[in-house]
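Okay, structure first, notes after.
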Amino acid sequence: MEAALKETKAKTSEVSGADLLLNALEKENVEVIFGYPGGAVLPIYDKLYDSKILHVLPRHEQGGIHAAEGYARISGKPGVVIATSGPGATNIITGIADAMMDSLPLVVITGQVATGVIGTDAFQEADILGITTPITKYNYQVRDIKDIPRIIREAFYIATSGRPGPVVIDFPKDLAAGVAAVPVEEEIHLPGYQPTMEPNFLQVRKLSEAVSRAKRPVILAGAGVLHAKASSLLKEYAEQQNLHVVHTLLGLGGFPAGHDLFLGMAGMHGCYAANMALYNCDLLINIGARFDDRLTGNLKHFAPKAMVAHIDIDPAEIGKNVPTQIPVVGDAGEALRQLLRLGGSPPVQEEWTETLTAWKKDFPYHYENSDALKPQKVMELLYEKTAGEAIVVTDVGQHQMWAAQYYQLQHADRWVTSGGLGTMGFGLPASIGAQLADQDACVVAVLGDGGFQMSTQELAVIAEFQLPIKIAIFNNKALGMVRQWQEIFYKERYSHSKNPVQPSFVKLAEAYGIKGFEIHSEEEAHLILDQVLHDKEPVLLDFRVDGAENVYPMIAPGKGINEMVGVKK
Amino acid sequence: MKRIITMTVLNRPGVLNRITNLFSKRNYNIESISVGLTEQEGVSRITCAVHVESDGMVEQITKQLNKQIDVLKVADISDQAIVARELVLMKVPVLPHNRAEIYSIIEPFRASVIDVSKDSIIIQLTGETEKIEAFIDLIKPYGIRELARTGTTAFPRGNQRSTQQKSFSFV
């Protein structure tokens with residue numbers, strides 16, 4: 001009797017690795033997991049069967065991780081992904097690299113073969129720790145069951161604090177299945193990781209003084225503003241100091257597009273006013289942008305007359321590409337709060353304001369109207385008919401740039417795009433994550449026919465959860481941006497950029513039980529958008545747009561931001 | 001120019017891989033790297049000798065290293081008074097007629113012979129890179145059968161602390 005009692009007592013104080021994992025995830029308030037089962041994660045999936053956490057099954061692991069990125073971008077919480085070992089894990093590599101480039105918080109759990117066979121080229125074994133080291137903020141391999149709670153807590157902390165990023169946890173199957181005594185909770189102890197939140201006051205004061213002395217100041221706002229939830233502070237500061245703001249591609253929405261002080265997006269396909277402001281400014285205040293080459297163009301011509309101030313939570317970004325005179329390491333929100341407190345009278349810059357306003361008015365984005373359906377027109381219609389309130393998720397290519405140019409985002413966290421890595425196939429799954437993060441929002445997935453076909457299978461998830469996503473395909477029967485570059489830089493030799501065979505996207509949608517429409521003209525576009533945009537069900541819109549249309553204006557590779565082509569008055 | 005960067009890191013699996021990976025990912029040219037335990041349990045010290053084109057590049061390297069979760073402290077100690085040493089072992093063929101000659105080179109360098117066999121000896125030498133290079137040059141004519149070098153390991157002298165001496169922009 002006593003022996004039996006002792007035995008049950010021992011049993012109840014033991015838990016499995018999978019239990020510890022799920023308990024830890026619940027403790028982190030994880031609401032949704034994007035995952036794909038397989039041999040090495042079966043112990044985890046068995047426990048998931050009884051869990052309250054919503055599990056979303058993508059139809060390809062790549063879809064799962066892009067969905068998690070979309071979820072992270074909109075919710076501000078880390079996206080959680082589970083993939084099995086070997087092929088499951090390697091299928092999510094692109095998404096991990098994408099999240100790393102765009103600083104999105106992810107916690108990725110990969111299955112691993114049992115510890116006893118690691119290193120033997122066992123069935124479905126791949127060295128995920130080795131593969132993901134260069135594309136993660138940090139990665140772990142679980143080597144002892146008792147470490148699981150600590151590792152999960154550290155992973156969430158690392159993924160979300162400082163500059164956000166993806167963290168991978170490689171989880172051998174025997175440890176997930178194995179049992180151990182309930183481990184004692186340990187404090188997080190990461191002595192080598194202490195992100196600086198509070199910026200150095202002297203540096204901020206230096207910046208504040210530089211602002212008051214400036215004649216031609218401009219703010220360049222990147223995604224760091226969004227990660228820091230600092231868009232209202234940015235607006236307050238820009239208004240207080242009467243500073244004009246330009247955005248990077250990823251930063252869009254951080255400053256309201258309709259605002260008088262907003263100049264537009266800068267960079268390769270940015271607007272004239274924004275790029276000329278960067279070229280001519282005498283003080284450039286970079287808040288949370290990393291001076292990507294698609295933004296700066298040829299560095300020789302980037303802000304050549306300016307004193308550069310750079311606020312960034314990641315010190316390694318400061319001075320990496322552009323020499324910086326006023327470095328401010330810290331959270332964008334904290335820095336803006338300090339700047340606001342320092343206040344001071346706005347710089348005297350009437351002439352500059354006049355010039356900027358004139359550039360903005362005289363050189364807007366433009367396109368020629370014709371009988372063909374213009375992609376830019378479709379984007380304008382989407383903007384009007386959603387009153388600028390939609391969450392816009394894009395894939396990569398021409399349509400992405402038209403979305404950035406013509407959808408005038410008024411709010412933060414309404415824009416999901418793959419900026420740094422430029423990942424085709426990102427848009428459709430990312431829209432799933434975005435919709436799950438904000439279930440009441442109108443989500444528009446702006447895709448090209450190329451990128452859509454890289455993750456078409458995720459229509460199944462949209463149908464399964466009846467997510468009311470509006471899938472807008474800008475169909476030019478080509479890989480549009482590749483085609484554009486071949487036209488301009490490769491003497492119109494269209495090497496493999498035209499899609500020779502295309503299915504009927506409408507029938508494809510219908511095969512999944514999703515409504516679909518083919519749209520050939522502006523009138524049809526008006527009619528159908530009015531009809532479907534506010535429906536609470538998914539719809540696929542196949543816009544047959546002008547295939548000859550290019551994205552302008554443009555800075556050719558190797559050229560400076562002052563050398564734009566395709567600018568019209 | 002050559003720079004010596006030292007860092008203390010947590011002694012965890014995969015840390016060295018993470019560091020060397022960072023160097024190759026960022027296209028930094030690493031000349032030598034040496035790792036060993038320190039007086040503190042669970043903490044290792046890594047010494048890297050790197051070739052860079054500009055101060056900006058060293059700054060970038062140290063910042064990127066600093067960003068690593070397992071890295072506790074990074075310092076570019078090149079401009080400080082430092083002691084830097086590396087160790088070399090070499091197996092040199094020895095014939096009766098040149099034995100005395102070889103030993104006469106070993107002596108002023110304070111190298112030591114740590115193994116003797118019928119027709120060869122193994123010489124051990126520690127010192128700064130330049131001294132090692134000079135010694136190898138002198139021994140080369142006699143033929144070197146095998147050679148192994150450790151790469152530089154270094155320290156600031158006396159009570160100087162191994163903190164950043166250069167005023168990098170992020171301080």
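Each chain in the structure tokens gets a letter, A, B and so on, in the order shown; residues start at 1 in every chain, and ligands are counted from 1 in the order they appear.
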For stretch 45-48 of chain B: contacts at 6 Å, only C-alpha atoms, fewer than 6 positions along chain excluded, given as JSON, numbers by chain:
{"B": [4, 5, 6, 7, 8, 32, 33, 34, 35, 36, 153]}
Next, the residues of the selection above should be written as a compact mmCIF listing (two decimals), in the first residue's frame with N, CA, C and O atoms.
# COMPACT_ATOMS: atom_id res chain seq x y z
N ILE B 4 43.91 43.45 -32.77
CA ILE B 4 43.68 42.32 -31.86
C ILE B 4 42.43 42.61 -31.04
O ILE B 4 42.33 43.63 -30.37
N ILE B 5 41.48 41.71 -31.17
CA ILE B 5 40.22 41.86 -30.45
C ILE B 5 40.09 40.71 -29.47
O ILE B 5 40.29 39.56 -29.83
N THR B 6 39.84 41.05 -28.21
CA THR B 6 39.62 39.96 -27.24
C THR B 6 38.19 40.04 -26.75
O THR B 6 37.55 41.09 -26.76
N MET B 7 37.67 38.89 -26.37
CA MET B 7 36.31 38.90 -25.81
C MET B 7 36.18 37.78 -24.79
O MET B 7 36.86 36.75 -24.88
N THR B 8 35.31 38.03 -23.82
CA THR B 8 34.94 36.95 -22.92
C THR B 8 33.55 36.49 -23.31
O THR B 8 32.69 37.30 -23.63
N SER B 32 43.83 34.87 -37.05
CA SER B 32 43.92 33.74 -36.13
C SER B 32 42.90 33.90 -35.02
O SER B 32 42.41 35.00 -34.77
N ILE B 33 42.58 32.81 -34.41
CA ILE B 33 41.62 32.86 -33.31
C ILE B 33 42.06 31.83 -32.29
O ILE B 33 42.46 30.72 -32.65
N SER B 34 42.11 32.22 -31.02
CA SER B 34 42.46 31.24 -30.00
C SER B 34 41.45 31.32 -28.85
O SER B 34 40.95 32.40 -28.55
N VAL B 35 41.14 30.19 -28.32
CA VAL B 35 40.10 30.11 -27.29
C VAL B 35 40.61 29.29 -26.11
O VAL B 35 41.32 28.32 -26.30
N GLY B 36 40.23 29.67 -24.93
CA GLY B 36 40.56 28.86 -23.77
C GLY B 36 39.73 29.29 -22.57
O GLY B 36 39.07 30.32 -22.61
N THR B 153 47.36 34.91 -28.55
CA THR B 153 46.49 35.12 -27.40
C THR B 153 47.07 36.31 -26.65
O THR B 153 48.29 36.45 -26.57
I need the alpha helix (DSSP H) residues of chain B per DSSP on the backbone, written as a PyMOL selection string.
chain B and resi 15-25+55-67+99-106+129-139
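For chain B, the residues within 9 Å of chain A are Val9, Leu10, Gly14, Asn17, Arg18, Asn21, Leu22, Lys25, Gly56, Met57, Glu59, Gln60, Ile61, Thr62, Lys63, Gln64, Asn66, Lys67, Gln68, Ile69, Asp70, Val71, Leu72, Lys73, Ser169, Phe170 and Val171 of chain B, with only C-alpha atoms used to measure distance.
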Keeping only N, CA, C and O atoms, write the selected residues as a short mmCIF file (atom, residue, chain, number, x, y, z; two decimals), in the first residue's frame.
data_model
loop_
_atom_site.label_atom_id
_atom_site.label_comp_id
_atom_site.auth_asym_id
_atom_site.auth_seq_id
_atom_site.Cartn_x
_atom_site.Cartn_y
_atom_site.Cartn_z
N VAL B 9 33.38 35.19 -23.30
CA VAL B 9 32.10 34.63 -23.76
C VAL B 9 31.63 33.56 -22.77
O VAL B 9 32.44 32.99 -22.04
N LEU B 10 30.34 33.32 -22.78
CA LEU B 10 29.82 32.22 -21.97
C LEU B 10 30.27 30.92 -22.60
O LEU B 10 30.23 30.75 -23.82
N GLY B 14 28.45 25.62 -29.09
CA GLY B 14 28.19 26.36 -30.33
C GLY B 14 28.64 27.81 -30.33
O GLY B 14 28.44 28.50 -31.32
N ASN B 17 31.37 28.56 -32.87
CA ASN B 17 30.76 28.48 -34.20
C ASN B 17 30.03 29.78 -34.53
O ASN B 17 30.12 30.32 -35.63
N ARG B 18 29.31 30.29 -33.54
CA ARG B 18 28.57 31.54 -33.71
C ARG B 18 29.52 32.70 -34.06
O ARG B 18 29.23 33.52 -34.92
N ASN B 21 31.18 32.13 -37.48
CA ASN B 21 30.11 32.31 -38.46
C ASN B 21 29.88 33.79 -38.74
O ASN B 21 29.68 34.20 -39.89
N LEU B 22 29.90 34.56 -37.67
CA LEU B 22 29.68 36.01 -37.81
C LEU B 22 30.78 36.61 -38.69
O LEU B 22 30.50 37.43 -39.55
N LYS B 25 30.08 35.48 -42.28
CA LYS B 25 28.85 36.09 -42.78
C LYS B 25 29.08 37.55 -43.16
O LYS B 25 28.57 38.04 -44.16
N GLY B 56 36.61 52.10 -39.11
CA GLY B 56 35.18 51.85 -39.16
C GLY B 56 34.86 50.37 -39.15
O GLY B 56 33.89 49.93 -38.55
N MET B 57 35.73 49.62 -39.80
CA MET B 57 35.48 48.19 -39.88
C MET B 57 35.69 47.50 -38.53
O MET B 57 34.93 46.63 -38.16
N GLU B 59 35.28 48.91 -35.71
CA GLU B 59 34.12 49.34 -34.93
C GLU B 59 32.94 48.42 -35.22
O GLU B 59 32.26 47.94 -34.32
N GLN B 60 32.71 48.18 -36.50
CA GLN B 60 31.60 47.32 -36.91
C GLN B 60 31.78 45.88 -36.37
O GLN B 60 30.85 45.29 -35.87
N ILE B 61 33.02 45.39 -36.45
CA ILE B 61 33.28 44.03 -35.95
C ILE B 61 32.98 43.95 -34.45
O ILE B 61 32.28 43.05 -33.99
N THR B 62 33.49 44.91 -33.71
CA THR B 62 33.29 44.83 -32.26
C THR B 62 31.81 44.98 -31.91
O THR B 62 31.31 44.30 -31.02
N LYS B 63 31.11 45.83 -32.65
CA LYS B 63 29.68 46.00 -32.38
C LYS B 63 28.92 44.71 -32.68
O LYS B 63 28.02 44.31 -31.93
N GLN B 64 29.25 44.10 -33.80
CA GLN B 64 28.54 42.87 -34.17
C GLN B 64 28.84 41.77 -33.15
O GLN B 64 27.96 40.98 -32.80
N ASN B 66 29.65 42.26 -30.01
CA ASN B 66 28.97 42.67 -28.78
C ASN B 66 27.50 42.27 -28.77
O ASN B 66 26.91 42.04 -27.72
N LYS B 67 26.93 42.23 -29.98
CA LYS B 67 25.50 41.95 -30.12
C LYS B 67 25.18 40.49 -29.82
O LYS B 67 24.04 40.14 -29.56
N GLN B 68 26.19 39.64 -29.91
CA GLN B 68 25.95 38.21 -29.67
C GLN B 68 25.52 37.98 -28.23
O GLN B 68 26.13 38.50 -27.30
N ILE B 69 24.48 37.17 -28.08
CA ILE B 69 23.89 36.95 -26.76
C ILE B 69 24.92 36.34 -25.80
O ILE B 69 24.91 36.64 -24.60
N ASP B 70 25.80 35.49 -26.29
CA ASP B 70 26.74 34.79 -25.41
C ASP B 70 28.02 35.57 -25.14
O ASP B 70 28.88 35.11 -24.40
N VAL B 71 28.16 36.72 -25.77
CA VAL B 71 29.38 37.50 -25.59
C VAL B 71 29.20 38.47 -24.42
O VAL B 71 28.28 39.26 -24.39
N LEU B 72 30.12 38.39 -23.46
CA LEU B 72 30.01 39.24 -22.27
C LEU B 72 30.69 40.58 -22.48
O LEU B 72 30.18 41.61 -22.08
N LYS B 73 31.87 40.54 -23.10
CA LYS B 73 32.62 41.78 -23.23
C LYS B 73 33.54 41.68 -24.44
O LYS B 73 34.13 40.64 -24.69
N SER B 169 31.73 55.49 -31.77
CA SER B 169 30.56 56.37 -31.80
C SER B 169 29.42 55.89 -30.92
O SER B 169 28.51 56.62 -30.63
N PHE B 170 29.46 54.62 -30.49
CA PHE B 170 28.30 54.18 -29.74
C PHE B 170 28.40 54.39 -28.24
O PHE B 170 27.49 54.10 -27.50
N VAL B 171 29.56 54.90 -27.76
CA VAL B 171 29.71 55.02 -26.31
C VAL B 171 28.83 56.04 -25.66
O VAL B 171 27.94 56.54 -25.90
#
Quick one: residues within 12 Å of stretch 25-32 of chain A, only C-alpha atoms, excluding same-chain residues fewer than 3 positions away - as JSON, numbers by chain?
{"A": [18, 19, 20, 21, 22, 35, 44, 48, 51, 52, 53, 54, 55, 56, 57, 64, 67, 68, 71, 72, 75, 77, 78, 79, 80, 81, 82, 106, 107, 108, 109, 148, 149, 150, 151, 152, 153, 154, 155, 156, 157, 160, 432, 433, 434, 436, 437]}
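Here atom CA of B:Pro108 stands at a distance of 16.1 Å from atom CA of B:Val88.
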Skipping near chain neighbours, those fewer than 5 positions away, what residues fall within 9 Å of stretch 129-139 of chain B using only C-alpha atoms, listed as an mmCIF file with all heavy atoms, in the first residue's frame?
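Result file follows (selection-v9.cif):
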data_model
loop_
_atom_site.group_PDB
_atom_site.id
_atom_site.type_symbol
_atom_site.label_atom_id
_atom_site.label_comp_id
_atom_site.auth_asym_id
_atom_site.auth_seq_id
_atom_site.Cartn_x
_atom_site.Cartn_y
_atom_site.Cartn_z
ATOM 1 N N ALA B 84 51.283 39.930 -26.051
ATOM 2 C CA ALA B 84 50.660 39.029 -27.010
ATOM 3 C C ALA B 84 51.617 37.879 -27.284
ATOM 4 O O ALA B 84 52.814 38.101 -27.488
ATOM 5 C CB ALA B 84 50.356 39.786 -28.298
ATOM 6 N N ARG B 85 51.126 36.693 -27.215
ATOM 7 C CA ARG B 85 51.994 35.524 -27.401
ATOM 8 C C ARG B 85 51.322 34.509 -28.296
ATOM 9 O O ARG B 85 50.114 34.344 -28.266
ATOM 10 C CB ARG B 85 52.266 34.841 -26.051
ATOM 11 C CG ARG B 85 53.126 35.624 -25.087
ATOM 12 C CD ARG B 85 54.578 35.656 -25.545
ATOM 13 N NE ARG B 85 55.399 36.417 -24.610
ATOM 14 C CZ ARG B 85 55.572 37.745 -24.687
ATOM 15 N NH1 ARG B 85 54.978 38.431 -25.620
ATOM 16 N NH2 ARG B 85 56.353 38.357 -23.820
ATOM 17 N N GLU B 86 52.156 33.815 -29.062
ATOM 18 C CA GLU B 86 51.642 32.600 -29.673
ATOM 19 C C GLU B 86 52.671 31.503 -29.515
ATOM 20 O O GLU B 86 53.823 31.757 -29.173
ATOM 21 C CB GLU B 86 51.223 32.811 -31.126
ATOM 22 C CG GLU B 86 52.308 33.070 -32.119
ATOM 23 C CD GLU B 86 51.733 33.100 -33.537
ATOM 24 O OE1 GLU B 86 51.290 32.043 -34.015
ATOM 25 O OE2 GLU B 86 51.714 34.175 -34.164
ATOM 26 N N LEU B 87 52.227 30.298 -29.728
ATOM 27 C CA LEU B 87 53.110 29.155 -29.540
ATOM 28 C C LEU B 87 53.219 28.413 -30.861
ATOM 29 O O LEU B 87 52.235 28.288 -31.591
ATOM 30 C CB LEU B 87 52.519 28.244 -28.468
ATOM 31 C CG LEU B 87 53.272 26.959 -28.141
ATOM 32 C CD1 LEU B 87 53.312 26.759 -26.631
ATOM 33 C CD2 LEU B 87 52.609 25.737 -28.763
ATOM 34 N N VAL B 88 54.471 27.964 -31.133
ATOM 35 C CA VAL B 88 54.666 27.179 -32.338
ATOM 36 C C VAL B 88 55.426 25.895 -31.995
ATOM 37 O O VAL B 88 56.289 25.902 -31.121
ATOM 38 C CB VAL B 88 55.396 28.005 -33.432
ATOM 39 C CG1 VAL B 88 56.801 28.371 -32.994
ATOM 40 C CG2 VAL B 88 55.440 27.260 -34.753
ATOM 41 N N MET B 90 57.519 22.850 -34.034
ATOM 42 C CA MET B 90 57.960 22.423 -35.377
ATOM 43 C C MET B 90 58.895 21.240 -35.301
ATOM 44 O O MET B 90 59.739 21.142 -34.414
ATOM 45 C CB MET B 90 58.567 23.586 -36.155
ATOM 46 C CG MET B 90 59.690 24.308 -35.481
ATOM 47 S SD MET B 90 60.218 25.649 -36.537
ATOM 48 C CE MET B 90 59.548 27.023 -35.676
ATOM 49 N N VAL B 92 61.838 19.402 -37.010
ATOM 50 C CA VAL B 92 62.923 19.762 -37.929
ATOM 51 C C VAL B 92 63.883 18.575 -38.065
ATOM 52 O O VAL B 92 64.290 17.993 -37.063
ATOM 53 C CB VAL B 92 63.687 20.993 -37.375
ATOM 54 C CG1 VAL B 92 64.825 21.402 -38.296
ATOM 55 C CG2 VAL B 92 62.728 22.158 -37.153
ATOM 56 N N ILE B 102 71.921 24.186 -35.647
ATOM 57 C CA ILE B 102 70.506 24.390 -35.304
ATOM 58 C C ILE B 102 70.365 24.780 -33.835
ATOM 59 O O ILE B 102 69.651 25.721 -33.481
ATOM 60 C CB ILE B 102 69.689 23.121 -35.626
ATOM 61 C CG1 ILE B 102 69.610 22.926 -37.143
ATOM 62 C CG2 ILE B 102 68.283 23.213 -35.032
ATOM 63 C CD1 ILE B 102 68.964 21.653 -37.590
ATOM 64 N N ILE B 105 70.886 28.334 -33.101
ATOM 65 C CA ILE B 105 69.780 29.267 -33.417
ATOM 66 C C ILE B 105 68.727 29.212 -32.305
ATOM 67 O O ILE B 105 68.174 30.224 -31.895
ATOM 68 C CB ILE B 105 69.124 28.893 -34.769
ATOM 69 C CG1 ILE B 105 70.143 29.036 -35.894
ATOM 70 C CG2 ILE B 105 67.916 29.787 -35.043
ATOM 71 C CD1 ILE B 105 69.686 28.473 -37.217
ATOM 72 N N ILE B 106 68.501 28.002 -31.815
ATOM 73 C CA ILE B 106 67.470 27.817 -30.789
ATOM 74 C C ILE B 106 67.785 28.649 -29.546
ATOM 75 O O ILE B 106 66.910 29.303 -28.985
ATOM 76 C CB ILE B 106 67.365 26.314 -30.418
ATOM 77 C CG1 ILE B 106 66.752 25.550 -31.599
ATOM 78 C CG2 ILE B 106 66.553 26.104 -29.144
ATOM 79 C CD1 ILE B 106 66.782 24.061 -31.446
ATOM 80 N N PHE B 109 66.896 32.478 -29.201
ATOM 81 C CA PHE B 109 65.451 32.682 -29.258
ATOM 82 C C PHE B 109 64.741 32.142 -28.012
ATOM 83 O O PHE B 109 63.539 32.268 -27.872
ATOM 84 C CB PHE B 109 64.867 31.989 -30.502
ATOM 85 C CG PHE B 109 64.924 32.845 -31.723
ATOM 86 C CD1 PHE B 109 66.047 32.863 -32.534
ATOM 87 C CD2 PHE B 109 63.850 33.660 -32.057
ATOM 88 C CE1 PHE B 109 66.112 33.666 -33.648
ATOM 89 C CE2 PHE B 109 63.900 34.468 -33.184
ATOM 90 C CZ PHE B 109 65.022 34.469 -33.983
ATOM 91 N N ILE B 144 61.544 22.103 -42.715
ATOM 92 C CA ILE B 144 60.570 21.944 -41.629
ATOM 93 C C ILE B 144 59.622 20.836 -42.034
ATOM 94 O O ILE B 144 58.970 20.916 -43.079
ATOM 95 C CB ILE B 144 59.791 23.258 -41.367
ATOM 96 C CG1 ILE B 144 60.749 24.352 -40.893
ATOM 97 C CG2 ILE B 144 58.687 23.025 -40.327
ATOM 98 C CD1 ILE B 144 60.110 25.730 -40.769
ATOM 99 N N GLY B 151 48.166 30.649 -32.985
ATOM 100 C CA GLY B 151 47.497 31.940 -33.146
ATOM 101 C C GLY B 151 47.691 32.755 -31.885
ATOM 102 O O GLY B 151 48.010 32.223 -30.819
ATOM 103 N N THR B 152 47.495 34.057 -32.014
ATOM 104 C CA THR B 152 47.803 34.969 -30.912
ATOM 105 C C THR B 152 46.814 34.843 -29.763
ATOM 106 O O THR B 152 45.623 34.694 -29.979
ATOM 107 C CB THR B 152 47.765 36.422 -31.424
ATOM 108 O OG1 THR B 152 48.669 36.531 -32.492
ATOM 109 C CG2 THR B 152 48.115 37.411 -30.320
#
List as number ranges by chain the protein and nucleic acid residues near A:Thr386, meaning an atom at most 9 Å away when only C-alpha atoms are counted, but skip any in the same chain fewer than 6 places from it.
A: 442, 533-534
Resulting file, chosen residues, N, CA and C atoms, as a compact mmCIF listing (two decimals), in the first residue's frame:
# COMPACT_ATOMS: atom_id res chain seq x y z
N CYS A 442 -10.27 44.74 -41.96
CA CYS A 442 -10.37 44.39 -43.37
C CYS A 442 -8.94 44.16 -43.87
N LEU A 533 -15.98 44.17 -50.83
CA LEU A 533 -14.97 44.58 -49.86
C LEU A 533 -15.41 44.46 -48.41
N HIS A 534 -16.72 44.61 -48.19
CA HIS A 534 -17.14 44.60 -46.79
C HIS A 534 -17.83 43.30 -46.40
Which neighbours of A:Val246 fall inside 9 Å, counting only C-alpha atoms, when residues of the same chain fewer than 5 positions from it are skipped, and could you give them as a PyMOL selection string?
chain A and resi 218-222+255+261-266+273-275+277-278
Write the selection just made, keeping C-alpha atoms, as a PDB file, in the first residue's frame?
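This went into out15.pdb:
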ATOM      1  CA  VAL A 218      14.270  66.033 -42.254  1.00  0.00           C
ATOM      2  CA  ILE A 219      13.233  62.932 -40.334  1.00  0.00           C
ATOM      3  CA  LEU A 220      13.724  59.517 -41.894  1.00  0.00           C
ATOM      4  CA  ALA A 221      11.434  57.098 -40.068  1.00  0.00           C
ATOM      5  CA  GLY A 222      11.877  53.333 -40.314  1.00  0.00           C
ATOM      6  CA  PHE A 255       3.436  58.669 -39.714  1.00  0.00           C
ATOM      7  CA  LEU A 261       4.481  67.201 -42.834  1.00  0.00           C
ATOM      8  CA  PHE A 262       4.574  63.851 -44.634  1.00  0.00           C
ATOM      9  CA  LEU A 263       6.687  63.777 -47.767  1.00  0.00           C
ATOM     10  CA  GLY A 264       6.246  60.132 -48.774  1.00  0.00           C
ATOM     11  CA  MET A 265       8.335  57.028 -49.111  1.00  0.00           C
ATOM     12  CA  ALA A 266      12.012  57.391 -50.030  1.00  0.00           C
ATOM     13  CA  ALA A 273       9.999  64.997 -52.722  1.00  0.00           C
ATOM     14  CA  ALA A 274      11.227  62.379 -50.219  1.00  0.00           C
ATOM     15  CA  ASN A 275      14.400  61.572 -52.122  1.00  0.00           C
ATOM     16  CA  ALA A 277      14.673  65.998 -49.188  1.00  0.00           C
ATOM     17  CA  LEU A 278      17.235  63.318 -48.288  1.00  0.00           C
TER      18      LEU A 278
END
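The spacing separating atom CA of A:Val393 from atom CA of A:Ala445 amounts to 4.8 Å.
Assigned to strand (DSSP E or B) in stretch 57-97 of chain B, given DSSP computed from backbone atoms, are Val71, Leu72, Lys73, Val74, Ala75, Asp76, Ile82, Val83, Ala84, Arg85, Glu86, Leu87, Val88, Leu89, Met90, Lys91, Val92 and Pro93 of chain B.
One distance worth recording is that between atom CA of B:Leu65 and atom CA of A:Gly251, which is 27.0 Å.
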